[in-house]
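Here is the file structure-v3.pdb (PDB, C-alpha atoms and all ligand atoms).
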```pdb
MODEL        1
ATOM      1  CA  MET G  23      -0.007   9.542 -27.987
ATOM      2  CA  THR G  24      -0.826   8.332 -24.472
ATOM      3  CA  ILE G  25       1.199   5.517 -22.932
ATOM      4  CA  TYR G  26      -0.836   3.183 -20.745
ATOM      5  CA  PHE G  27       0.911   0.923 -18.242
ATOM      6  CA  TYR G  28      -0.176  -1.297 -15.361
ATOM      7  CA  LYS G  29       1.125  -4.814 -14.785
ATOM      8  CA  VAL G  30       4.858  -5.422 -14.611
ATOM      9  CA  TRP G  31       4.773  -7.979 -17.451
ATOM     10  CA  GLN G  32       2.923  -5.616 -19.819
ATOM     11  CA  PRO G  33       4.570  -2.909 -21.973
ATOM     12  CA  TYR G  34       6.183  -0.191 -19.834
ATOM     13  CA  GLY G  35       5.850  -2.488 -16.828
ATOM     14  CA  CYS G  36       8.884  -0.793 -15.271
ATOM     15  CA  PHE G  37       6.598   2.184 -14.538
ATOM     16  CA  SER G  38       4.577   0.018 -12.161
ATOM     17  CA  ASN G  39       5.381   0.386  -8.464
ATOM     18  CA  PHE G  40       5.422  -3.399  -8.399
ATOM     19  CA  SER G  41       8.472  -3.561 -10.693
ATOM     20  CA  PRO G  42      11.577  -5.198  -9.169
ATOM     21  CA  HIS G  43      13.623  -2.009  -8.858
ATOM     22  CA  GLY G  44      14.804  -1.518  -5.296
ATOM     23  CA  ILE G  45      15.405   1.828  -3.630
ATOM     24  CA  HIS G  46      17.394   3.091  -0.662
ATOM     25  CA  ILE G  47      15.498   5.703   1.332
ATOM     26  CA  GLN G  48      16.652   7.142   4.688
ATOM     27  CA  GLY G  49      19.220   4.363   5.063
ATOM     28  CA  THR G  50      16.825   1.486   4.422
ATOM     29  CA  TYR G  51      16.668  -0.669   1.275
ATOM     30  CA  TRP G  52      13.189  -1.416  -0.061
ATOM     31  CA  PRO G  53      12.729  -4.167  -2.711
ATOM     32  CA  THR G  54      10.112  -2.135  -4.609
ATOM     33  CA  VAL G  55       8.425   1.250  -4.453
ATOM     34  CA  GLU G  56       5.281  -0.621  -3.432
ATOM     35  CA  HIS G  57       6.943  -2.038  -0.308
ATOM     36  CA  TYR G  58       8.034   1.451   0.711
ATOM     37  CA  TYR G  59       4.717   3.122  -0.104
ATOM     38  CA  GLN G  60       2.613   0.562   1.771
ATOM     39  CA  ALA G  61       4.888   0.682   4.814
ATOM     40  CA  GLN G  62       4.713   4.466   5.051
ATOM     41  CA  LYS G  63       0.957   4.205   5.675
ATOM     42  CA  PHE G  64       1.686   3.089   9.224
ATOM     43  CA  VAL G  65       4.464   5.437  10.365
ATOM     44  CA  ALA G  66       3.611   6.720  13.884
ATOM     45  CA  SER G  67       0.329   4.791  13.877
ATOM     46  CA  ARG G  68      -0.680   2.264  16.513
ATOM     47  CA  ASP G  69      -0.053  -0.432  13.865
ATOM     48  CA  ALA G  70       3.533   0.640  13.102
ATOM     49  CA  VAL G  71       4.506  -2.905  14.092
ATOM     50  CA  ILE G  72       3.402  -3.954  10.577
ATOM     51  CA  ILE G  73       6.134  -1.873   8.938
ATOM     52  CA  PRO G  74       8.960  -4.459   9.199
ATOM     53  CA  ILE G  75       6.521  -7.163   8.099
ATOM     54  CA  ILE G  76       5.680  -5.195   4.958
ATOM     55  CA  HIS G  77       9.382  -4.506   4.446
ATOM     56  CA  ALA G  78      10.068  -8.251   4.515
ATOM     57  CA  ALA G  79       7.177  -9.205   2.216
ATOM     58  CA  ALA G  80       8.310 -11.640  -0.480
ATOM     59  CA  THR G  81       6.458  -9.814  -3.260
ATOM     60  CA  PRO G  82       4.941  -6.362  -3.890
ATOM     61  CA  GLU G  83       1.546  -8.055  -4.096
ATOM     62  CA  GLU G  84       2.036  -9.336  -0.538
ATOM     63  CA  ALA G  85       3.229  -5.915   0.590
ATOM     64  CA  ALA G  86       0.124  -4.313  -0.939
ATOM     65  CA  ALA G  87      -2.164  -6.876   0.687
ATOM     66  CA  LEU G  88      -0.576  -6.207   4.085
ATOM     67  CA  GLY G  89      -0.893  -2.469   3.599
ATOM     68  CA  ARG G  90      -4.522  -2.701   2.528
ATOM     69  CA  CYS G  91      -5.760  -4.620   5.578
ATOM     70  CA  SER G  92      -8.808  -2.532   6.564
ATOM     71  CA  ASP G  93      -8.477  -3.383  10.262
ATOM     72  CA  ARG G  94      -5.186  -1.503  10.609
ATOM     73  CA  GLN G  95      -4.911   2.184  11.544
ATOM     74  CA  LEU G  96      -3.330   4.407   8.906
ATOM     75  CA  ARG G  97      -1.215   7.378   9.971
ATOM     76  CA  ARG G  98      -3.540  10.330  10.578
ATOM     77  CA  ASP G  99      -1.964  12.483   7.867
ATOM     78  CA  TRP G 100      -1.890   9.760   5.193
ATOM     79  CA  ASP G 101      -4.115  11.525   2.685
ATOM     80  CA  LEU G 102      -2.017  14.679   3.082
ATOM     81  CA  VAL G 103       1.389  13.030   2.652
ATOM     82  CA  LYS G 104       0.859  10.024   0.354
ATOM     83  CA  THR G 105       1.388  11.889  -2.917
ATOM     84  CA  GLN G 106       4.698  13.381  -1.761
ATOM     85  CA  ILE G 107       5.789  10.051  -0.315
ATOM     86  CA  MET G 108       5.037   8.388  -3.643
ATOM     87  CA  ARG G 109       6.932  11.052  -5.578
ATOM     88  CA  GLU G 110      10.005  10.687  -3.359
ATOM     89  CA  ALA G 111      10.066   6.924  -3.957
ATOM     90  CA  VAL G 112       9.419   7.114  -7.714
ATOM     91  CA  LEU G 113      12.111   9.770  -8.165
ATOM     92  CA  LYS G 114      14.606   7.624  -6.229
ATOM     93  CA  LYS G 115      13.682   4.593  -8.347
ATOM     94  CA  PHE G 116      14.467   6.325 -11.633
ATOM     95  CA  LEU G 117      17.559   8.066 -10.297
ATOM     96  CA  THR G 118      18.846   4.680  -9.122
ATOM     97  CA  HIS G 119      18.206   2.523 -12.185
ATOM     98  CA  ALA G 120      19.734   3.874 -15.425
ATOM     99  CA  ASP G 121      18.025   1.321 -17.675
ATOM    100  CA  ILE G 122      14.478   2.261 -16.732
ATOM    101  CA  ARG G 123      15.455   5.930 -16.513
ATOM    102  CA  GLU G 124      16.225   5.725 -20.232
ATOM    103  CA  VAL G 125      12.814   4.115 -20.845
ATOM    104  CA  LEU G 126      11.140   6.990 -19.004
ATOM    105  CA  LEU G 127      13.163   9.695 -20.774
ATOM    106  CA  ARG G 128      12.463   8.129 -24.187
ATOM    107  CA  THR G 129       8.719   8.634 -23.688
ATOM    108  CA  GLY G 130       9.260  12.238 -24.753
ATOM    109  CA  ASP G 131       6.287  14.345 -23.720
ATOM    110  CA  GLU G 132       3.779  11.540 -24.000
ATOM    111  CA  ILE G 133       1.060  11.384 -21.386
ATOM    112  CA  LEU G 134       1.634   8.463 -19.005
ATOM    113  CA  VAL G 135      -1.410   6.755 -17.489
ATOM    114  CA  GLU G 136      -1.607   3.959 -14.939
ATOM    115  CA  ASN G 137      -4.278   1.825 -16.562
ATOM    116  CA  SER G 138      -5.694   0.510 -13.311
ATOM    117  CA  PRO G 139      -9.239  -0.827 -13.630
ATOM    118  CA  THR G 140      -9.864  -0.261  -9.931
ATOM    119  CA  ASP G 141      -7.743   2.678  -8.796
ATOM    120  CA  SER G 142      -9.029   6.105  -9.858
ATOM    121  CA  PHE G 143      -6.631   7.944  -7.557
ATOM    122  CA  TRP G 144      -3.240   6.577  -8.676
ATOM    123  CA  GLY G 145      -4.625   5.326 -11.999
ATOM    124  CA  CYS G 146      -7.358   6.152 -14.486
ATOM    125  CA  GLY G 147      -9.906   3.718 -13.075
ATOM    126  CA  ALA G 148     -12.484   1.702 -14.996
ATOM    127  CA  ASN G 149     -13.938   4.751 -16.765
ATOM    128  CA  LYS G 150     -10.469   6.022 -17.780
ATOM    129  CA  ALA G 151     -11.305   9.411 -16.190
ATOM    130  CA  GLY G 152      -9.519   8.883 -12.862
ATOM    131  CA  GLN G 153      -6.980  11.283 -11.336
ATOM    132  CA  ASN G 154      -3.956   9.266 -12.532
ATOM    133  CA  HIS G 155      -1.641  10.556  -9.802
ATOM    134  CA  LEU G 156       0.954   7.883 -10.531
ATOM    135  CA  GLY G 157       1.075   8.891 -14.186
ATOM    136  CA  LYS G 158       1.346  12.527 -13.145
ATOM    137  CA  THR G 159       4.111  11.636 -10.702
ATOM    138  CA  LEU G 160       6.033   9.820 -13.432
ATOM    139  CA  MET G 161       5.696  12.777 -15.810
ATOM    140  CA  SER G 162       6.858  15.152 -13.055
ATOM    141  CA  VAL G 163       9.837  12.916 -12.269
ATOM    142  CA  ARG G 164      10.651  12.678 -15.989
ATOM    143  CA  GLU G 165      10.800  16.478 -16.160
ATOM    144  CA  GLU G 166      12.908  16.757 -13.009
ATOM    145  CA  ILE G 167      15.445  14.241 -14.296
ATOM    146  CA  ARG G 168      15.681  16.117 -17.604
ATOM    147  CA  ASN G 169      16.343  19.323 -15.703
ATOM    148  CA  LEU G 170      19.022  17.615 -13.606
ATOM    149  CA  LEU G 171      20.682  16.213 -16.733
ATOM    150  CA  SER G 172      20.675  19.633 -18.410
ATOM    151  CA  LEU G 173      22.464  21.115 -15.399
ATOM    152  CA  THR G 174      25.039  18.299 -15.568
ATOM    153  CA  VAL G 175      25.712  19.117 -19.229
ATOM    154  CA  ILE G 176      26.198  22.805 -18.403
ATOM    155  CA  TYR G 177      28.753  22.155 -15.665
ATOM    156  CA  GLU G 178      30.729  19.356 -17.318
TER     157      GLU G 178
HETATM  158  N1  LIG N 201      -3.310  -4.567  -7.224
HETATM  159  C1  LIG N 201      -2.418  -3.807  -7.890
HETATM  160  N2  LIG N 201      -1.618  -4.402  -8.794
HETATM  161  C2  LIG N 201      -0.702  -3.651  -9.449
HETATM  162  O1  LIG N 201       0.117  -4.212 -10.337
HETATM  163  C3  LIG N 201      -0.613  -2.258  -9.203
HETATM  164  N3  LIG N 201       0.333  -1.491  -9.853
HETATM  165  C4  LIG N 201      -1.500  -1.702  -8.272
HETATM  166  N4  LIG N 201      -1.494  -0.357  -8.061
HETATM  167  C5  LIG N 201      -0.637   0.261  -7.078
HETATM  168  O2  LIG N 201      -1.143   0.090  -5.746
HETATM  169  C6  LIG N 201      -0.733   1.247  -4.968
HETATM  170  C7  LIG N 201      -1.939   1.872  -4.379
HETATM  171  O3  LIG N 201      -2.255   1.092  -3.293
HETATM  172  P1  LIG N 201      -3.353   1.596  -2.246
HETATM  173  O4  LIG N 201      -4.655   1.441  -2.989
HETATM  174  O5  LIG N 201      -3.045   3.004  -1.873
HETATM  175  O6  LIG N 201      -3.196   0.622  -1.094
HETATM  176  C8  LIG N 201      -0.016   2.176  -5.932
HETATM  177  O7  LIG N 201       1.370   1.907  -5.870
HETATM  178  C9  LIG N 201      -0.551   1.753  -7.247
HETATM  179  O8  LIG N 201       0.318   2.076  -8.317
HETATM  180  N5  LIG N 201      -2.383  -2.470  -7.614
ENDMDL
END
```
Spell out the structure here as structure tokens.
Amino acid sequence: MTIYFYKVWQPYGCFSNFSPHGIHIQGTYWPTVEHYYQAQKFVASRDAVIIPIIHAAATPEEAAALGRCSDRQLRRDWDLVKTQIMREAVLKKFLTHADIREVLLRTGDEILVENSPTDSFWGCGANKAGQNHLGKTLMSVREEIRNLLSLTVIYE
């Protein structure tokens, strides 16, 4: 079976980067993965001044809107680093929050798909044939956490 997720209030909403599960990364607390992800777009860019504004955004929707302003300069290497940046944040999210970690682990080996109607990079897009990089990231993180837990069992 394939598990589709998208909006926070829908089934498996905790898989959304908009879910209210904060993360600490490099000494800074971010209210959601989305806040962190959108802010990283501008590291070392001429518009880095937007980073604290994104950090302080009241909602992930606001953070995403700030990060998607087309008149701002993205970091030059954004397309090269965004997948790794996303994975770092998603891994931290599920290592931090035991309740949603259990939800992720209980999906077994099901395929996870971000059912975004518009995003064919992070989601499946309108035609359902998108790259689904967020779903792939979640499945990779699920596997890594299982591996970490198996090591813990061995050394207990
Ligand atoms: N508009 C919107 N609403 C949601 O609930 C979403 N989960 C998303 N998708 C997330 O947006 C991020 C990609 O943003 P960029 O297109 O790179 O600015 C990523 O976190 C998606 O999961 N969008």
Q: Could you tell me how far atom CA of Gly157 of chain G lies from atom CA of Thr24 of chain G, in Å and to one decimal?
A: 10.5 Å
Q: Show me which residues sit within 6 Å of ligand LIG 201 (chain N) when counting only C-alpha atoms and all ligand atoms, and put them as a ChimeraX atom specification.
A: /G:28-29,38-40,56,86,90,144
Chain and number of each residue from the PyMOL selection byres (((chain G and resi 96-99) around 8) and not hetatm), as a PDB file with C-alpha atoms, in the frame of the given file:
```pdb
ATOM      1  CA  LYS G  63       0.957   4.205   5.675  1.00  0.00           C
ATOM      2  CA  PHE G  64       1.686   3.089   9.224  1.00  0.00           C
ATOM      3  CA  VAL G  65       4.464   5.437  10.365  1.00  0.00           C
ATOM      4  CA  ALA G  66       3.611   6.720  13.884  1.00  0.00           C
ATOM      5  CA  SER G  67       0.329   4.791  13.877  1.00  0.00           C
ATOM      6  CA  ASP G  69      -0.053  -0.432  13.865  1.00  0.00           C
ATOM      7  CA  ARG G  94      -5.186  -1.503  10.609  1.00  0.00           C
ATOM      8  CA  GLN G  95      -4.911   2.184  11.544  1.00  0.00           C
ATOM      9  CA  TRP G 100      -1.890   9.760   5.193  1.00  0.00           C
ATOM     10  CA  ASP G 101      -4.115  11.525   2.685  1.00  0.00           C
ATOM     11  CA  LEU G 102      -2.017  14.679   3.082  1.00  0.00           C
ATOM     12  CA  VAL G 103       1.389  13.030   2.652  1.00  0.00           C
TER      13      VAL G 103
END
```
Q | Matched chain/residue IDs from the PyMOL selection byres (((chain G and resi 123) around 12) and not hetatm), as a PyMOL selection string | A | chain G and resi 34+36-37+43+112-122+124-129+160-161+163-168+171
All file atoms of segment 156-163 of chain G boxed axis-aligned, 6 Å per side, centre plus edges, as JSON:
```
{"center_x": 5.4, "center_y": 11.5, "center_z": -13.2, "size_x": 20.9, "size_y": 19.3, "size_z": 17.3}
```
Q. For Ile45 of chain G, which of G:Val71, G:His77, G:Lys104, G:Ala85 is the closest residue, counting only C-alpha atoms?
A. G:His77
Quick one: everything within 9 Å of Ala151 of chain G, counting only C-alpha atoms, minus sequence neighbours fewer than 5 positions away in the same chain. Send it as a compact mmCIF listing (two decimals) with C-alpha atoms, in the frame of the given file.
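Result saved to part_33.txt:
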```txt
# COMPACT_ATOMS: atom_id res chain seq x y z
CA SER G 142 -9.03 6.10 -9.86
CA GLY G 145 -4.62 5.33 -12.00
CA CYS G 146 -7.36 6.15 -14.49
```
Q.
Evaluate the PyMOL selection byres (((chain G and resi 139) around 10) and not hetatm) against this structure - the residues, as JSON, numbers by chain, please.
A. {"G": [28, 136, 137, 138, 140, 141, 142, 145, 146, 147, 148, 149, 150, 152]}
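One finds atom CA of Phe143 of chain G at 15.2 Å from atom CA of Tyr26 of chain G.
Of the residues under consideration (G:Val55, G:Val30, G:Ile25, G:Ala70), G:Val55 shows the shortest atom-to-atom contact distance to Met108 of chain G when counting all atoms listed in the file.
For the pair atom CA of Trp52 of chain G and atom CA of Leu88 of chain G, the separation is 15.2 Å.
Those residues positioned at most 12 Å from (10.2, -6.9, 6.2) are G:Thr50, G:Tyr51, G:Trp52, G:Pro53, G:Thr54, G:His57, G:Tyr58, G:Gln60, G:Ala61, G:Val71, G:Ile72, G:Ile73, G:Pro74, G:Ile75, G:Ile76, G:His77, G:Ala78, G:Ala79, G:Ala80, G:Thr81, G:Pro82, G:Glu84, G:Ala85, G:Leu88, judged using all atoms listed in the file.
With all atoms listed in the file as the atoms that count, the residue of G:Trp31, G:Gly89, G:Glu110, G:Gly44 with the shortest distance to Leu156 of chain G is G:Glu110.
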As a PDB file, in the coordinates of the input, please: segment 150-169 of chain G completed to N, CA, C and O atoms.
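Final output, saved to result.pdb:
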```pdb
ATOM      1  N   LYS G 150     -11.610   5.324 -17.152  1.00  0.00           N
ATOM      2  CA  LYS G 150     -10.469   6.022 -17.780  1.00  0.00           C
ATOM      3  C   LYS G 150     -10.412   7.515 -17.443  1.00  0.00           C
ATOM      4  O   LYS G 150      -9.629   8.261 -18.026  1.00  0.00           O
ATOM      5  N   ALA G 151     -11.255   7.969 -16.530  1.00  0.00           N
ATOM      6  CA  ALA G 151     -11.305   9.411 -16.190  1.00  0.00           C
ATOM      7  C   ALA G 151     -10.774   9.672 -14.788  1.00  0.00           C
ATOM      8  O   ALA G 151     -11.007  10.742 -14.215  1.00  0.00           O
ATOM      9  N   GLY G 152     -10.042   8.733 -14.222  1.00  0.00           N
ATOM     10  CA  GLY G 152      -9.519   8.883 -12.862  1.00  0.00           C
ATOM     11  C   GLY G 152      -8.434   9.940 -12.785  1.00  0.00           C
ATOM     12  O   GLY G 152      -8.000  10.513 -13.793  1.00  0.00           O
ATOM     13  N   GLN G 153      -7.945  10.197 -11.562  1.00  0.00           N
ATOM     14  CA  GLN G 153      -6.980  11.283 -11.336  1.00  0.00           C
ATOM     15  C   GLN G 153      -5.578  10.956 -11.829  1.00  0.00           C
ATOM     16  O   GLN G 153      -4.767  11.849 -12.068  1.00  0.00           O
ATOM     17  N   ASN G 154      -5.249   9.683 -11.955  1.00  0.00           N
ATOM     18  CA  ASN G 154      -3.956   9.266 -12.532  1.00  0.00           C
ATOM     19  C   ASN G 154      -2.759   9.885 -11.824  1.00  0.00           C
ATOM     20  O   ASN G 154      -1.796  10.359 -12.456  1.00  0.00           O
ATOM     21  N   HIS G 155      -2.741   9.922 -10.543  1.00  0.00           N
ATOM     22  CA  HIS G 155      -1.641  10.556  -9.802  1.00  0.00           C
ATOM     23  C   HIS G 155      -0.308   9.837 -10.007  1.00  0.00           C
ATOM     24  O   HIS G 155       0.748  10.480  -9.968  1.00  0.00           O
ATOM     25  N   LEU G 156      -0.328   8.537 -10.266  1.00  0.00           N
ATOM     26  CA  LEU G 156       0.954   7.883 -10.531  1.00  0.00           C
ATOM     27  C   LEU G 156       1.489   8.307 -11.896  1.00  0.00           C
ATOM     28  O   LEU G 156       2.691   8.597 -12.033  1.00  0.00           O
ATOM     29  N   GLY G 157       0.639   8.398 -12.868  1.00  0.00           N
ATOM     30  CA  GLY G 157       1.075   8.891 -14.186  1.00  0.00           C
ATOM     31  C   GLY G 157       1.590  10.306 -14.091  1.00  0.00           C
ATOM     32  O   GLY G 157       2.642  10.650 -14.639  1.00  0.00           O
ATOM     33  N   LYS G 158       0.898  11.129 -13.324  1.00  0.00           N
ATOM     34  CA  LYS G 158       1.346  12.527 -13.145  1.00  0.00           C
ATOM     35  C   LYS G 158       2.678  12.590 -12.409  1.00  0.00           C
ATOM     36  O   LYS G 158       3.557  13.400 -12.743  1.00  0.00           O
ATOM     37  N   THR G 159       2.843  11.696 -11.425  1.00  0.00           N
ATOM     38  CA  THR G 159       4.111  11.636 -10.702  1.00  0.00           C
ATOM     39  C   THR G 159       5.244  11.246 -11.640  1.00  0.00           C
ATOM     40  O   THR G 159       6.322  11.855 -11.632  1.00  0.00           O
ATOM     41  N   LEU G 160       5.011  10.264 -12.478  1.00  0.00           N
ATOM     42  CA  LEU G 160       6.033   9.820 -13.432  1.00  0.00           C
ATOM     43  C   LEU G 160       6.396  10.935 -14.412  1.00  0.00           C
ATOM     44  O   LEU G 160       7.574  11.157 -14.716  1.00  0.00           O
ATOM     45  N   MET G 161       5.411  11.676 -14.877  1.00  0.00           N
ATOM     46  CA  MET G 161       5.696  12.777 -15.810  1.00  0.00           C
ATOM     47  C   MET G 161       6.452  13.899 -15.108  1.00  0.00           C
ATOM     48  O   MET G 161       7.364  14.526 -15.673  1.00  0.00           O
ATOM     49  N   SER G 162       6.142  14.141 -13.846  1.00  0.00           N
ATOM     50  CA  SER G 162       6.858  15.152 -13.055  1.00  0.00           C
ATOM     51  C   SER G 162       8.301  14.719 -12.805  1.00  0.00           C
ATOM     52  O   SER G 162       9.242  15.519 -12.932  1.00  0.00           O
ATOM     53  N   VAL G 163       8.487  13.452 -12.491  1.00  0.00           N
ATOM     54  CA  VAL G 163       9.837  12.916 -12.269  1.00  0.00           C
ATOM     55  C   VAL G 163      10.636  12.945 -13.566  1.00  0.00           C
ATOM     56  O   VAL G 163      11.832  13.286 -13.577  1.00  0.00           O
ATOM     57  N   ARG G 164       9.987  12.628 -14.678  1.00  0.00           N
ATOM     58  CA  ARG G 164      10.651  12.678 -15.989  1.00  0.00           C
ATOM     59  C   ARG G 164      11.195  14.089 -16.246  1.00  0.00           C
ATOM     60  O   ARG G 164      12.349  14.264 -16.652  1.00  0.00           O
ATOM     61  N   GLU G 165      10.391  15.081 -15.948  1.00  0.00           N
ATOM     62  CA  GLU G 165      10.800  16.478 -16.160  1.00  0.00           C
ATOM     63  C   GLU G 165      11.952  16.855 -15.230  1.00  0.00           C
ATOM     64  O   GLU G 165      12.927  17.492 -15.645  1.00  0.00           O
ATOM     65  N   GLU G 166      11.845  16.416 -13.976  1.00  0.00           N
ATOM     66  CA  GLU G 166      12.908  16.757 -13.009  1.00  0.00           C
ATOM     67  C   GLU G 166      14.236  16.131 -13.426  1.00  0.00           C
ATOM     68  O   GLU G 166      15.294  16.785 -13.349  1.00  0.00           O
ATOM     69  N   ILE G 167      14.200  14.898 -13.863  1.00  0.00           N
ATOM     70  CA  ILE G 167      15.445  14.241 -14.296  1.00  0.00           C
ATOM     71  C   ILE G 167      16.030  14.941 -15.516  1.00  0.00           C
ATOM     72  O   ILE G 167      17.248  15.160 -15.615  1.00  0.00           O
ATOM     73  N   ARG G 168      15.186  15.356 -16.438  1.00  0.00           N
ATOM     74  CA  ARG G 168      15.681  16.117 -17.604  1.00  0.00           C
ATOM     75  C   ARG G 168      16.365  17.399 -17.146  1.00  0.00           C
ATOM     76  O   ARG G 168      17.443  17.773 -17.634  1.00  0.00           O
ATOM     77  N   ASN G 169      15.751  18.078 -16.212  1.00  0.00           N
ATOM     78  CA  ASN G 169      16.343  19.323 -15.703  1.00  0.00           C
ATOM     79  C   ASN G 169      17.691  19.052 -15.041  1.00  0.00           C
ATOM     80  O   ASN G 169      18.664  19.791 -15.249  1.00  0.00           O
TER      81      ASN G 169
END
```
